[in-house]
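Reading through the structure tokens given below for one structure.
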Amino acid sequence: MEKINDGIGAEAREYLTFRLGREEYGIDILKVQEIRGYEPPTRIANVPTFIKGVVNLRGTIVPIVDMRLRFNCANAQYDSFTVVIILNLHQRIVGIVVDSVSDVMGLMPEQLRSAPDIESVIDAESVIGLGSLGERMLILLDIEKLMSGVDMGLVTDAC
Amino acid sequence: MADVHHEGGGAGADFDLSQFYQIFFEEAGENLDLMEQMLLSLNLETADDEELNGIFRCAHSVKGGAATFGFTDVAELTHQMESLLDRLRRHELKPTSAMVDVLLESADASRGLLACHQNGNTADAPPTGELVKRIRMLVSGEAASGAPGPQLSPPPKPAPEVSVVVQPAVPSPAPVQTSIADGLRTLEIRMSHLDQPSQADAIVELFRDIPGLGDIQAITSSDMAADSRVFEVKTTSSNEDLLDLFAFHVSRDHVMITEKSGEPSAVGEHVAQPASLASGSVAAIASSFGFFDGAPGAPDGQPAHLAASSAGVSLPDTVEKSPRSGASKAPAVSSVQPEAATIRVAINKVDQLINLVGELVITQAMLAQNSRTLDPSVYQQLLSGLSDLDRNTRDLQESVMSIRMIPMSVVFSRFPRMLRDLAGKLGKKVDFVTLGEATELDKGLVEKITDPLTHLVRNSCDHGIELPGERVRAGKPETGTITLSAAHQGGSIVIEVRDDGKGMSREKILAKARERGLDVSDQAPDSEVWQLIFAPGFSTAEVVTDVSGRGVGMDVVKRNIASLNGTVDIESIEGQGMKVSVRLPLTLAIMDGMSVGVGDEVYILPLSSVVESFQVRSDAVSTVGQGAQLVKVRDEYMPVIELEKVFQVPRYGADKVSDIMVVIEAEGSRVVLLVDELLGQQQVVVKNLETNYRKVPNVSGATILGDGKVALILDTGALVRRSRH
């Protein structure tokens, strides 16, 4: 299982791609449970702004993280096109808010570039690499690592 | 309703076993079914120890339960079965099909008896004397040879061709000649050495009640013994059938049937008699009389067998099934065979069901909301359908929710007896009081909390409560009191075991801890000291004698409760008693909640901690040190907590202010919450926030409201603690 996270493997791997502002990101399709429209979550007090709160997903309480706020996007509007990707990570279910979901793409190993060291709000460890698709650049995220980071505030520090 | 007082100690007589009857009946039924299955699949030649032990265990369990609950007839029968099985499993006897037959019949009879007990209708209980006797015979090895039991065939037979051939061991496929007589015969039936001659008179009623059985006339003569009865009977039934019938009143040992000479006995006629008539008459008797279960004398002497054999139908080689089918017919007629009253279902199926119903409720709420704008005159049918749906989904939800919840009384009710026995053994006098028995708890939790609680209660009695003399010297009433209570509190269930015994000695625990090399300081607060007894290994016999012995297995108790995400707290005052509080989270517990509105948000308060609510006048609130607010409620100043501030509720309109106060009580203190409005009360399903997220301060969980939105449940305990600091 952990091999999946290695990212740069021998075979083509499928990624769900989504947009945050003008940037395009890709995450392992196998981590995605479903895609839903955005519905206002129940706010939780005293949490980082990018944690929008919790919603009811068929009887399960699921926290919602707005990736746009997490990645400092200029504007984060909530309208009928706003999309929530429900992820299943390590038995935990988390929803992330993105601007839009674009595609599911298979990327061959030769299409992957390792990410250069850059200053960014994203922990370099959470970036698997960059995928080049002609003109487009895909930022491939290790969503599991990203979400379990302490600064995400999704898990208690002890975990 | 919630507070039930049980007197344990001295009396304990009002302890009601009957609530366990149902469990026993279910278990016994399952055991009997299992035994039957194993018997049927038992290969006589190659029966291994494992199988025989399994069957033995089933009989043993049923016997044990029956004896406990005082069903002596069942216990007696199963005891006999057990003895037979015991000899089998020890290889003192070789299993024969006769044994299997009789065991199967006994299982049926036990079932019948249990059914009668269950219905409280013991009058109809099938007699088991015959079976018991047959099993005894098999145990003693008499019938193992395959020879018919001598007492089974009525001794004198004037008509030799009307012979009863009973083959208990070898169910031969050859047609068995039976004494199914077709012609009218006149018989003299002599019953002697009766224990209760009056029972024999009931036979007369038999003939009156069963149409077509024949006529009976009592014959009295001067030389007759007082314990005998003689009847003259005109009947078409066979001797065997008559004996079977009489067996309900008079043991067949005491019955002697002789055919009156001079009457023509139908020679050979019965052989040609169609089997249908024979079986028909037997069936008629069976149905009109009501039961045949367990009554048939010979192992093969059952109606179905007689019919089958006389009709020349060859019996299958594996005969285990056939007597079963024959016998099972009877109880169906006699009493309504108890349907399996419960089914066992995997918990995850129930959970799935609960989730699905939750979804349904939300969908329904959404439909209801969307249909609100529709014109009732146009969509009348749709709207009435929706209102039906509303009601049905709510009922459905309620029923589904209740599947998992069981009241604490299930756990509590086993303690009075235990305490009574224990107190008796220790020579102590203990009153047992239970509170909050109706508190419902998830079944999974109930099962897991039973052992730790048993331990705590036993400890209280064993080490807490002093001997009567000691208590009197200490100026306490002779009889100690152990109180067991359960309540929902602050999103948890709190179960307390309280006693007014001698409590724990701080010094001794500290000394003991040092002795064991634990690092403790004399200044440690009490609560820390008490926690020491949870240390593994603190539970030795020494501790029992030195430190009023609270250590026995306390580490196990703590571990068990911790595994349920619970906590254990101890309060103790030396010489006055101690209290152990077990706090468990309500993983799936349903809770009565009060929803309150703050700004645009809804929060749920556990109703159990809500004391009262009122509208506040601004002059009633005073401040301390320009910050903390206090409100005076009936001569008591209470700290005010503004939910708006605690939860940083955004305000969009400046005009609205919180002016409703809700007094809540948790952990022994009261605080006042300031909210905007009270929205109502409802049952809520407590959902864990930590499953996918994390612990949120001041929040014990979340729930899903009717409109599908998530509402947070306030942790009143945390709010109260917050006001203390």
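Ordered as shown in the structure tokens, chains take letters A, B, and onward, while each chain numbers its residues from 1 and ligands are numbered from 1 in the order shown.
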
Kindly provide the residues of chain A that approach chain B to within 7 Å, each paired with its closest atom pair and their distance in Å to one decimal, based on only C-alpha atoms, listed by chain and increasing number, as CSV.
```
residue,atom,partner,partner_atom,distance
A:Thr42,CA,B:Val710,CA,5.8
A:Ala45,CA,B:Phe647,CA,4.8
A:Val54,CA,B:Val710,CA,7.0
A:Val55,CA,B:Val710,CA,5.9
A:Asn56,CA,B:Val710,CA,5.9
A:Arg58,CA,B:Glu359,CA,5.5
A:Gly59,CA,B:Asn355,CA,5.5
A:Ile61,CA,B:Leu689,CA,6.4
A:Val62,CA,B:Asn692,CA,5.9
A:Pro63,CA,B:Tyr693,CA,6.0
A:Arg92,CA,B:Asn692,CA,4.8
A:Ile93,CA,B:Asn692,CA,5.5
A:Val94,CA,B:Asn692,CA,6.8
A:Leu154,CA,B:Tyr693,CA,5.5
A:Val155,CA,B:Arg694,CA,5.5
A:Thr156,CA,B:Arg694,CA,6.0
```

Prev. selection, N, CA and C atoms, output as a tab-separated table (two decimals), in the first residue's frame:
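Everything below was put into again.tsv:
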```tsv
chain	number	residue	atom	x	y	z
A	42	THR	N	-21.04	23.08	9.32
A	42	THR	CA	-21.25	23.63	10.65
A	42	THR	C	-19.91	24.11	11.16
A	45	ALA	N	-15.61	26.38	16.41
A	45	ALA	CA	-14.92	27.54	16.96
A	45	ALA	C	-13.45	27.26	17.17
A	54	VAL	N	-17.70	21.06	9.88
A	54	VAL	CA	-18.03	19.65	9.61
A	54	VAL	C	-19.36	19.57	8.88
A	55	VAL	N	-19.46	18.57	8.04
A	55	VAL	CA	-20.75	18.33	7.37
A	55	VAL	C	-21.18	16.89	7.65
A	56	ASN	N	-22.42	16.65	7.32
A	56	ASN	CA	-22.98	15.32	7.47
A	56	ASN	C	-22.90	14.62	6.13
A	58	ARG	N	-23.96	11.39	4.80
A	58	ARG	CA	-24.73	10.19	5.03
A	58	ARG	C	-24.50	9.61	6.42
A	59	GLY	N	-24.65	10.45	7.40
A	59	GLY	CA	-24.58	9.98	8.77
A	59	GLY	C	-23.20	10.03	9.39
A	61	ILE	N	-19.86	12.31	10.30
A	61	ILE	CA	-19.45	13.70	10.46
A	61	ILE	C	-18.07	13.85	9.80
A	62	VAL	N	-17.99	14.71	8.83
A	62	VAL	CA	-16.77	14.84	8.03
A	62	VAL	C	-16.28	16.27	8.08
A	63	PRO	N	-15.01	16.47	8.43
A	63	PRO	CA	-14.47	17.82	8.43
A	63	PRO	C	-14.21	18.30	7.00
A	92	ARG	N	-9.84	7.66	7.71
A	92	ARG	CA	-10.47	8.92	8.03
A	92	ARG	C	-11.07	9.50	6.76
A	93	ILE	N	-12.20	10.15	6.93
A	93	ILE	CA	-12.83	10.76	5.77
A	93	ILE	C	-12.74	12.27	5.93
A	94	VAL	N	-12.21	12.91	4.92
A	94	VAL	CA	-12.02	14.35	4.96
A	94	VAL	C	-12.50	14.92	3.64
A	154	LEU	N	-6.07	18.67	11.66
A	154	LEU	CA	-7.12	17.66	11.51
A	154	LEU	C	-6.96	16.56	12.53
A	155	VAL	N	-5.74	16.35	12.93
A	155	VAL	CA	-5.52	15.29	13.91
A	155	VAL	C	-4.92	15.94	15.15
A	156	THR	N	-5.15	15.31	16.25
A	156	THR	CA	-4.56	15.81	17.48
A	156	THR	C	-3.05	15.58	17.39
```

Run DSSP on the backbone and grab whatever in chain A lands in strand (DSSP E); send it over as a ChimeraX atom specification. /A:13-20,23-28,32-37,51-57,60-66,83-89,92-98,100-107,112-113,127-133,136-141

Can you list, as a list in words, every residue of range 10-159 of chain A that DSSP puts in alpha helix (DSSP H)? Met67, Arg68, Leu69, Arg70, Ile143, Glu144, Lys145, Leu146, Met147 and Ser148 of chain A

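Taking only C-alpha atoms into account, Gly577 in chain B lies nearest to B:Gly480 out of the set B:Ser485, B:Ile493, B:Gly480, B:Met554.
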
Please indicate the distance in Å from CA of Ser106 in chain B to CA of Thr46 in chain B, rounded to one decimal place. 22.9 Å

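Using only C-alpha atoms, the shortest contact distance between Val616 in chain B and any of B:Thr78, B:Ser238, B:Ser658, B:Gln531 is found at B:Ser658.
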
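The coordinates place CA of Val663 in chain B at 13.1 Å from CA of Ser723 in chain B.
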